[in-house]
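Next comes final-v6.txt, a file with compact mmCIF, C-alpha atoms.
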```txt
# COMPACT_ATOMS: atom_id res chain seq x y z
CA MET A 646 0.00 0.00 0.00
CA ARG A 647 1.36 3.39 -1.00
CA ILE A 648 0.32 6.53 0.84
CA GLY A 649 1.16 9.94 -0.59
CA SER A 650 3.50 10.85 -3.44
CA ASN A 651 7.26 10.40 -3.64
CA PRO A 652 8.75 13.89 -3.02
CA HIS A 653 11.28 13.37 -5.84
CA LYS A 654 8.69 12.59 -8.49
CA ASP A 655 9.06 14.80 -11.61
CA LYS A 656 12.05 16.63 -10.16
CA ILE A 657 14.72 17.52 -12.70
CA ASN A 658 18.29 16.50 -11.90
CA GLU A 659 20.51 19.45 -11.03
CA LYS A 660 23.45 20.18 -13.30
CA THR A 661 26.58 18.47 -12.02
CA ASN A 662 29.54 20.47 -10.72
CA TYR A 663 31.95 17.83 -11.98
CA THR A 664 33.73 18.51 -15.26
CA HIS A 665 35.77 15.33 -15.68
CA GLN A 666 35.00 11.68 -14.94
CA VAL A 667 37.63 8.93 -14.64
CA ILE A 668 36.55 5.29 -15.03
CA ILE A 669 38.86 2.46 -14.00
CA PRO A 670 37.75 -1.19 -14.15
CA VAL A 671 39.57 -3.42 -11.64
CA TYR A 672 39.88 -7.19 -11.98
CA ILE A 673 42.08 -8.97 -9.42
CA PRO A 674 40.50 -12.39 -8.76
CA ASN A 675 43.35 -13.50 -6.47
CA GLN A 676 46.87 -12.50 -5.42
CA GLU A 677 48.79 -15.35 -6.97
CA GLY A 678 50.79 -15.91 -10.16
CA TYR A 679 49.98 -13.25 -12.78
CA PHE A 680 48.04 -11.23 -10.17
CA GLU A 681 50.61 -11.46 -7.34
CA ASP A 682 51.52 -7.74 -7.43
CA SER A 683 48.29 -6.42 -8.94
CA PHE A 684 46.75 -5.16 -5.68
CA LYS A 685 49.79 -2.97 -4.98
CA ILE A 686 49.81 -1.80 -8.62
CA VAL A 687 46.19 -0.65 -8.23
CA GLU A 688 47.12 1.24 -5.06
CA PHE A 689 49.91 3.03 -6.93
CA CYS A 690 47.52 3.80 -9.80
CA LEU A 691 44.85 5.30 -7.56
CA GLN A 692 47.32 7.21 -5.39
CA SER A 693 48.74 8.84 -8.52
CA LEU A 694 45.20 9.62 -9.70
CA PHE A 695 44.26 11.25 -6.39
CA ASN A 696 47.50 13.27 -6.45
CA THR A 697 47.07 14.63 -9.98
CA THR A 698 43.37 15.42 -10.41
CA HIS A 699 41.45 18.57 -9.56
CA ASP A 700 38.49 18.78 -7.21
CA LYS A 701 35.90 18.63 -9.97
CA THR A 702 36.95 15.12 -10.97
CA PHE A 703 34.39 12.33 -10.47
CA ILE A 704 36.17 9.00 -9.96
CA THR A 705 34.31 5.80 -10.82
CA ILE A 706 35.82 2.41 -9.99
CA VAL A 707 34.18 -0.73 -11.36
CA ASN A 708 35.10 -3.82 -9.35
CA ASN A 709 34.87 -6.41 -12.08
CA GLY A 710 34.88 -9.55 -9.93
CA SER A 711 37.91 -8.94 -7.71
CA CYS A 712 38.77 -10.88 -4.56
CA LEU A 713 37.48 -9.89 -1.11
CA GLU A 714 40.60 -7.95 -0.06
CA VAL A 715 40.41 -5.73 -3.13
CA LYS A 716 36.66 -5.25 -2.71
CA GLN A 717 37.14 -4.14 0.91
CA TYR A 718 39.91 -1.72 -0.11
CA LEU A 719 37.71 -0.13 -2.78
CA ASP A 720 34.75 0.11 -0.41
CA GLU A 721 36.98 1.94 2.09
CA LEU A 722 38.00 4.44 -0.60
CA PHE A 723 34.33 5.12 -1.27
CA LEU A 724 33.41 5.45 2.41
CA THR A 725 36.26 7.93 2.93
CA CYS A 726 35.15 9.92 -0.16
CA LYS A 727 38.36 9.36 -2.10
CA ILE A 728 36.32 7.92 -4.94
CA HIS A 729 32.80 8.97 -5.85
CA GLU A 730 31.29 5.81 -7.25
CA ILE A 731 31.99 2.11 -6.71
CA ILE A 732 30.23 -0.47 -8.84
CA HIS A 733 30.54 -4.12 -7.82
CA THR A 734 29.86 -6.87 -10.32
CA GLU A 735 31.02 -10.36 -11.18
CA ASN A 736 33.59 -10.61 -13.97
CA ILE A 737 31.54 -9.39 -16.91
CA GLY A 738 34.50 -8.35 -19.07
CA LYS A 739 36.54 -5.16 -19.25
CA VAL A 740 34.46 -3.18 -21.75
CA ASN A 741 31.12 -4.21 -20.19
CA ALA A 742 32.47 -2.91 -16.87
CA ILE A 743 33.39 0.38 -18.56
CA LEU A 744 29.89 0.64 -20.04
CA LYS A 745 28.42 0.45 -16.53
CA GLY A 746 30.60 3.35 -15.46
CA LEU A 747 29.65 5.49 -18.46
CA ALA A 748 25.92 5.47 -17.74
CA GLY A 749 24.04 7.67 -15.32
CA ASN A 750 25.77 11.05 -15.52
CA LYS A 751 26.32 13.95 -17.87
CA ILE A 752 29.94 14.91 -17.26
CA GLU A 753 31.50 16.45 -20.37
CA LEU A 754 34.81 14.56 -20.32
CA VAL A 755 35.52 10.95 -19.40
CA THR A 756 38.93 9.33 -19.05
CA ILE A 757 38.92 5.55 -19.40
CA SER A 758 41.99 3.93 -17.91
CA ASP A 759 43.42 0.52 -17.15
CA ALA A 760 44.20 -0.14 -13.48
CA ASP A 761 47.96 -0.28 -14.09
CA VAL A 762 48.40 3.33 -15.20
CA LEU A 763 50.49 5.75 -13.14
CA PHE A 764 49.29 9.30 -13.81
CA LEU A 765 51.74 12.19 -13.95
CA SER A 766 51.23 15.81 -12.95
CA GLY A 767 49.59 18.04 -15.54
CA TRP A 768 47.79 15.36 -17.53
CA GLN A 769 44.32 16.88 -17.07
CA LYS A 770 45.43 20.41 -17.93
CA GLU A 771 47.21 19.24 -21.09
CA THR A 772 44.22 17.14 -22.15
CA VAL A 773 41.84 20.10 -21.90
CA LYS A 774 44.36 22.29 -23.72
CA VAL A 775 44.35 19.85 -26.64
CA LEU A 776 40.55 19.69 -26.75
CA ASN A 777 40.20 23.47 -26.59
CA HIS A 778 42.61 23.96 -29.49
CA LEU A 779 41.20 21.12 -31.60
CA PRO A 780 37.39 21.03 -31.65
CA LYS A 781 37.52 17.95 -33.90
CA ALA A 782 39.56 15.98 -31.38
CA GLY A 783 37.29 13.52 -29.59
CA VAL A 784 39.91 11.23 -28.04
CA VAL A 785 43.11 12.38 -26.34
CA GLY A 786 45.75 9.90 -25.21
CA ILE A 787 48.48 10.92 -22.77
CA VAL A 788 51.10 8.25 -23.56
CA PRO A 789 52.78 8.57 -27.00
CA GLN A 790 53.21 5.26 -28.83
CA PHE A 791 54.67 4.10 -32.13
CA ASN A 792 52.79 4.72 -35.39
CA THR A 793 49.39 5.49 -33.88
CA TYR A 794 48.48 7.24 -37.15
CA ARG A 795 48.00 3.79 -38.70
CA THR A 796 44.92 2.90 -36.65
CA ASN A 797 41.52 4.63 -36.73
CA CYS A 798 42.99 7.93 -37.99
CA ASN A 799 41.90 7.83 -41.62
CA ASN A 800 39.47 10.72 -41.09
CA MET A 801 42.13 12.95 -39.53
CA ILE A 802 44.61 12.19 -42.31
CA TRP A 803 41.92 12.80 -44.94
CA ASP A 804 40.97 16.14 -43.37
CA ASN A 805 44.61 17.27 -43.26
CA LEU A 806 46.07 15.55 -46.30
CA PHE A 807 47.32 18.79 -47.84
CA ASN A 808 47.66 20.73 -44.59
CA PRO A 809 51.35 21.67 -44.18
CA LYS A 810 50.89 21.56 -40.41
CA LEU A 811 50.42 17.79 -40.61
CA LYS A 812 54.02 16.60 -40.65
CA PHE A 813 56.64 14.48 -38.97
CA LEU A 814 58.09 16.19 -35.92
CA PRO A 815 60.85 15.07 -33.54
CA VAL A 816 59.72 12.88 -30.66
CA LYS A 817 59.73 14.98 -27.48
CA ASN A 818 60.42 12.25 -24.95
CA PRO A 819 62.09 9.16 -26.48
CA ASN A 820 62.98 7.80 -23.03
CA ALA A 821 59.29 7.61 -22.13
CA LEU A 822 58.64 5.71 -25.37
CA ILE A 823 61.37 3.22 -24.50
CA ARG A 824 59.93 2.88 -21.01
CA PHE A 825 56.46 2.15 -22.37
CA TYR A 826 57.58 -0.62 -24.69
CA ASP A 827 59.78 -2.10 -21.98
CA SER A 828 56.69 -2.19 -19.75
CA ILE A 829 54.71 -4.31 -22.21
CA GLY A 830 57.57 -6.74 -22.68
CA TRP A 831 58.95 -5.70 -26.07
CA LYS A 832 62.57 -6.30 -26.91
CA ARG A 833 64.46 -3.22 -28.04
CA ASP A 834 64.78 -4.47 -31.59
CA TYR A 835 62.16 -2.11 -33.04
CA ASN A 836 62.98 0.48 -35.70
CA PRO A 837 65.06 3.22 -33.99
CA ALA A 838 63.42 5.79 -36.30
CA TYR A 839 60.24 5.39 -34.25
CA LEU A 840 62.08 7.05 -31.38
CA LYS A 841 63.02 10.02 -33.54
CA PHE A 842 59.91 11.11 -35.46
CA ALA A 843 56.13 10.93 -35.05
CA LEU A 844 53.40 12.06 -37.42
CA SER A 845 52.01 15.16 -35.72
CA LEU A 846 49.70 18.10 -36.22
CA GLU A 847 51.27 21.45 -35.40
CA VAL A 848 48.49 23.39 -33.71
CA SER A 849 50.47 26.57 -33.00
CA ASN A 850 54.03 27.59 -32.21
CA ASN A 851 55.55 25.12 -29.74
CA PHE A 852 52.27 23.20 -29.43
CA SER A 853 51.51 20.04 -31.37
CA VAL A 854 49.72 16.72 -30.99
CA ILE A 855 50.59 13.25 -32.24
CA VAL A 856 48.17 11.71 -34.72
CA GLY A 857 46.32 8.77 -33.20
CA SER A 858 45.96 7.34 -29.72
CA GLY A 859 46.20 4.07 -27.86
CA HIS A 860 43.33 2.98 -25.64
CA PHE A 861 44.81 1.82 -22.33
CA VAL A 862 44.38 5.40 -21.05
CA ALA A 863 42.57 8.12 -23.02
CA THR A 864 40.04 10.90 -22.53
CA TYR A 865 36.84 11.06 -24.58
CA ARG A 866 34.26 13.73 -25.22
CA LYS A 867 31.18 12.34 -23.47
CA ASP A 868 28.81 12.99 -26.37
CA ILE A 869 30.58 10.15 -28.20
CA PHE A 870 28.70 7.78 -25.89
CA GLU A 871 25.20 9.25 -26.16
CA ASN A 872 23.95 6.01 -27.77
CA LEU A 873 25.63 3.31 -25.70
CA ILE A 874 25.66 -0.33 -26.71
CA SER A 875 24.52 -2.52 -23.80
CA TYR A 876 26.73 -5.59 -24.06
CA ILE A 877 30.05 -6.82 -25.48
CA GLY A 878 30.53 -10.57 -25.87
CA TYR A 879 34.16 -10.87 -24.74
CA LYS A 880 35.88 -10.73 -21.35
CA MET A 881 38.92 -9.17 -23.06
CA GLY A 882 40.35 -9.16 -26.57
CA GLY A 883 38.30 -10.32 -29.54
CA ASP A 884 36.59 -7.25 -30.94
CA SER A 885 35.72 -5.88 -27.48
CA GLU A 886 38.05 -2.86 -27.48
CA LYS A 887 37.26 -2.22 -31.14
CA TYR A 888 34.04 -0.66 -29.85
CA LEU A 889 35.87 2.08 -27.93
CA ASP A 890 38.32 2.58 -30.79
CA GLU A 891 35.74 2.98 -33.54
CA ILE A 892 32.81 4.74 -31.89
CA PRO A 893 34.45 8.23 -32.15
CA LEU A 894 34.78 7.72 -35.93
CA HIS A 895 31.02 7.54 -36.30
CA LYS A 896 30.95 11.21 -35.27
CA ASN A 897 34.06 11.95 -37.33
CA TYR A 898 36.13 12.81 -34.26
CA TRP A 899 39.92 12.70 -34.43
CA ARG A 900 42.12 10.55 -32.19
CA VAL A 901 45.27 12.33 -30.95
CA THR A 902 47.90 12.06 -28.22
CA THR A 903 49.74 14.71 -26.24
CA SER A 904 53.20 15.29 -27.69
CA ASN A 905 54.81 14.75 -24.29
CA ASN A 906 54.30 11.82 -21.94
CA PHE A 907 51.85 12.23 -19.02
CA ALA A 908 51.51 8.68 -17.64
CA TYR A 909 53.40 5.43 -17.26
CA HIS A 910 52.23 1.89 -17.84
CA MET A 911 53.18 -0.28 -14.85
CA GLY A 912 52.17 -3.76 -15.98
CA ASN A 913 51.74 -6.47 -13.34
CA THR A 914 55.13 -6.42 -11.58
CA ILE A 915 56.21 -3.97 -8.86
CA GLU A 916 59.37 -1.94 -9.52
CA ASP A 917 61.11 0.44 -7.11
CA TRP A 918 60.37 3.59 -9.12
CA MET A 919 56.60 3.19 -8.87
CA SER A 920 56.14 4.13 -5.21
CA ILE A 921 58.37 7.19 -5.67
CA GLU A 922 56.52 8.40 -8.76
CA ALA A 923 53.08 7.75 -7.27
CA ALA A 924 53.87 9.70 -4.09
CA ASN A 925 55.65 12.65 -5.71
CA GLN A 926 53.04 13.85 -8.19
CA ASN A 927 51.59 17.32 -7.59
CA LYS A 928 47.94 17.84 -6.73
CA SER A 929 46.23 19.73 -9.53
CA ASN A 930 44.58 23.02 -8.62
CA ASP A 931 43.84 23.75 -12.24
CA ASN A 932 40.29 23.17 -13.39
CA SER A 933 40.75 24.33 -16.97
CA ILE A 934 37.40 25.06 -18.53
CA LEU A 935 36.53 23.11 -21.63
CA LYS A 936 35.21 25.42 -24.33
CA GLU A 937 31.69 24.70 -25.45
CA PHE A 938 31.37 23.26 -28.91
CA PRO A 939 28.18 22.02 -30.55
CA SER A 940 27.66 18.29 -30.19
CA ARG A 941 28.69 16.54 -33.39
CA ASN A 942 26.12 14.63 -35.41
CA GLY A 943 26.81 11.14 -36.65
CA ILE A 944 28.12 10.81 -40.21
CA SER A 945 26.35 8.80 -42.88
CA THR A 946 27.11 5.15 -43.53
CA ILE A 947 28.44 6.07 -46.98
CA HIS A 948 30.76 8.75 -45.56
CA PHE A 949 32.04 6.32 -42.94
CA PHE A 950 32.70 3.62 -45.54
CA LEU A 951 34.48 5.97 -47.94
CA ILE A 952 36.89 7.33 -45.34
CA ASN A 953 37.43 4.35 -43.07
CA ASN A 954 37.40 1.58 -45.67
CA LEU A 955 38.12 2.74 -49.20
CA PHE A 956 40.49 5.58 -48.32
CA ARG A 957 42.27 3.39 -45.80
CA LYS A 958 42.95 0.67 -48.38
CA PHE A 959 44.16 3.28 -50.86
CA PHE A 960 46.33 5.12 -48.32
CA PHE A 961 48.16 2.06 -47.04
CA HIS A 962 49.22 0.85 -50.45
CA LYS A 963 53.03 0.83 -50.06
CA LYS A 964 53.82 3.34 -52.83
CA ILE A 965 51.05 5.72 -51.76
CA LYS A 966 52.04 5.53 -48.10
CA ASN A 967 55.72 6.11 -48.89
CA PHE A 968 54.85 9.13 -51.02
CA PHE A 969 52.79 10.48 -48.10
CA LEU A 970 55.66 9.94 -45.65
CA LYS A 971 58.00 11.87 -47.94
CA MET A 972 55.42 14.64 -48.48
CA LYS A 973 55.05 15.01 -44.71
CA GLY A 974 58.77 15.44 -44.08
CA LEU A 975 60.04 12.07 -42.95
CA PRO A 976 63.75 11.89 -43.93
CA SER A 977 64.19 9.92 -47.16
CA ASP A 978 66.56 7.37 -45.65
CA LEU A 979 63.91 6.32 -43.10
CA ILE A 980 60.91 5.93 -45.41
CA ASN A 981 61.23 2.35 -46.66
CA ASP A 982 61.38 0.82 -43.18
CA TYR A 983 59.07 3.22 -41.35
```
Show me the file's structure as structure tokens.
Amino acid sequence: MRIGSNPHKDKINEKTNYTHQVIIPVYIPNQEGYFEDSFKIVEFCLQSLFNTTHDKTFITIVNNGSCLEVKQYLDELFLTCKIHEIIHTENIGKVNAILKGLAGNKIELVTISDADVLFLSGWQKETVKVLNHLPKAGVVGIVPQFNTYRTNCNNMIWDNLFNPKLKFLPVKNPNALIRFYDSIGWKRDYNPAYLKFALSLEVSNNFSVIVGSGHFVATYRKDIFENLISYIGYKMGGDSEKYLDEIPLHKNYWRVTTSNNFAYHMGNTIEDWMSIEAANQNKSNDNSILKEFPSRNGISTIHFFLINNLFRKFFFHKKIKNFFLKMKGLPSDLINDY
């Protein structure tokens, strides 16, 4: 039996004061073998996040089927107001966990990060700077990687094909690049030219972005997710992360990365430097305002196919690609192997 009317009926939600959401899915089913150091890695990750974000950051953690000790730790962070939202679920897969975190708010920026990322000071400020200077940028990575222009960047290359500001520029922080590929277990037998030049867009004097972005940590304009899919059929791998990689293209957004490095990938093994880096980051007092741009409409199926299928096949023909590399300023002696 119901008596009276719910006092919240027909009330409109107030506009949020938060300007930036961070979503981190956490899956640590035990503390053995592959996961032996993962709990401590998550602690380093979250400590660095707390130390580098401003007060208008809404932190969402999705516990994707972790063990009891991890669950209790995350609950304590919520109870002490260090994080703003904790979602507990069984292991439903990484991207499905992210989808849960995306729903239920209207915060204009959302950073999606793995739980083994160590954030560095200034990453939020630099991300907003990129977005304010490039209205067509919808995804901003903060860890430069090799040849990101090759993946899901056909629209950006098409839009800037004859733009002289799209060109190869010297890599700003080659040591951070080396550190990243060491962290994912690569041998150092990759092309040394990748440490020297990256395809970039020069936005203004002394300010540029790298074309393309990885997906283990990146910030998205929230309007990209206005029509969320409800389920992905993989725990990890398969075509699960393809969803996050391709959805910005349906609104013709560009994927870019900051020219300097603003985070480290830790992997699953503790190293001495991690505790020092996590503790020594500076708390951000900068809440840079994101300029308002009209929400982008989706592009037609034909437009999407022309740019992301036909143009891509044409562009990556060896002779065409090599001509492009030369046109964009890559030294001639590096072209054939780049």
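From CA of Glu681 (chain A) back to CA of Lys739 (chain A), the distance works out to 19.5 Å.
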Within 7 Å of region 825-847 of chain A, which residues of region 909-952 of chain A show up? Give each one with its shortest atom-to-atom distance in Å (one decimal) and the two atoms involved, counting only C-alpha atoms, rows by chain then rising residue number, as JSON lines.
```
{"residue": "A:Tyr909", "atom": "CA", "partner": "A:Phe825", "partner_atom": "CA", "distance": 6.8}
{"residue": "A:His910", "atom": "CA", "partner": "A:Phe825", "partner_atom": "CA", "distance": 6.2}
{"residue": "A:Met911", "atom": "CA", "partner": "A:Ser828", "partner_atom": "CA", "distance": 6.3}
{"residue": "A:Gly912", "atom": "CA", "partner": "A:Ser828", "partner_atom": "CA", "distance": 6.1}
```
- Task: Between A:Arg824, A:Lys973, A:His699, A:Lys751, single out the one closest to Asn808 (chain A), counting all atoms listed in the file.
- Result: A:Lys973
- Just how far from CA of Val854 (chain A) is CA of Lys964 (chain A), in Å to one decimal?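 CA of Val854 (chain A) lies at a distance of 25.9 Å from CA of Lys964 (chain A).
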Considering all atoms listed in the file, return as a tab-separated table (two decimals) with C-alpha atoms, keeping the file's coordinate frame whatever protein or nucleic-acid residues lie within 12 Å of Thr734 (chain A), sequence-local ones (same chain, fewer than 4 positions apart) excluded.
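Just written: selection-v3.tsv:
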```tsv
chain	number	residue	atom	x	y	z
A	670	PRO	CA	37.75	-1.19	-14.15
A	671	VAL	CA	39.57	-3.42	-11.64
A	672	TYR	CA	39.88	-7.19	-11.98
A	706	ILE	CA	35.82	2.41	-9.99
A	707	VAL	CA	34.18	-0.73	-11.36
A	708	ASN	CA	35.10	-3.82	-9.35
A	709	ASN	CA	34.87	-6.41	-12.08
A	710	GLY	CA	34.88	-9.55	-9.93
A	711	SER	CA	37.91	-8.94	-7.71
A	712	CYS	CA	38.77	-10.88	-4.56
A	716	LYS	CA	36.66	-5.25	-2.71
A	738	GLY	CA	34.50	-8.35	-19.07
A	739	LYS	CA	36.54	-5.16	-19.25
A	741	ASN	CA	31.12	-4.21	-20.19
A	742	ALA	CA	32.47	-2.91	-16.87
A	743	ILE	CA	33.39	0.38	-18.56
A	745	LYS	CA	28.42	0.45	-16.53
A	746	GLY	CA	30.60	3.35	-15.46
```
- In Å, how far is it from CA of Thr756 (chain A) to CA of His729 (chain A)?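 That distance, rounded to one decimal, is 14.6 Å.
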- Find the spatial neighbours of Ser766 (chain A), counting only C-alpha atoms, within a cut-off of 10 Å - ignore same-chain residues fewer than 4 positions away - and output them as an MDAnalysis selection string. chainID A and resid 693:694 696:698 770:771 907:908 925:929
Up to 7 Å from (37.7, 15.3, -30.5) in the file's coordinates: name the residues, counting all atoms listed in the file, as a PDB file with C-alpha atoms, in the frame of the given file.
```
ATOM      1  CA  LEU A 776      40.550  19.690 -26.750  1.00  0.00           C
ATOM      2  CA  LEU A 779      41.200  21.120 -31.600  1.00  0.00           C
ATOM      3  CA  PRO A 780      37.390  21.030 -31.650  1.00  0.00           C
ATOM      4  CA  LYS A 781      37.520  17.950 -33.900  1.00  0.00           C
ATOM      5  CA  ALA A 782      39.560  15.980 -31.380  1.00  0.00           C
ATOM      6  CA  GLY A 783      37.290  13.520 -29.590  1.00  0.00           C
ATOM      7  CA  VAL A 784      39.910  11.230 -28.040  1.00  0.00           C
ATOM      8  CA  ARG A 866      34.260  13.730 -25.220  1.00  0.00           C
ATOM      9  CA  TYR A 898      36.130  12.810 -34.260  1.00  0.00           C
ATOM     10  CA  TRP A 899      39.920  12.700 -34.430  1.00  0.00           C
ATOM     11  CA  ARG A 900      42.120  10.550 -32.190  1.00  0.00           C
TER      12      ARG A 900
END
```
- Quick one: everything within 9 Å of Val862 (chain A), counting all atoms listed in the file, minus sequence neighbours fewer than 6 positions away in the same chain. Send it as an NGL selection string. :A and (756-759 or 762 or 785-788 or 908)
- Item | Residue among A:Met801, A:Trp918, A:Lys812, A:Thr796 lying closest to Lys971 (chain A), counting all atoms listed in the file |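 Checking each of A:Met801, A:Trp918, A:Lys812, A:Thr796 against Lys971 (chain A), counting all atoms listed in the file, the winner is A:Lys812.
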How big is the axis-aligned box, and where does its centre sit, when it encloses all atoms of region 721-737 of chain A listed in the file and has 4 Å added on every side, reported in Å to one decimal as AutoDock Vina command-line options?
```
--center_x 34.1 --center_y -0.3 --center_z -7.0 --size_x 16.5 --size_y 28.5 --size_z 27.8
```
- Pick from A:Phe956, A:Phe938, A:Tyr865, A:Phe969, whichever lies nearest to Thr772 (chain A) using all atoms listed in the file: A:Tyr865
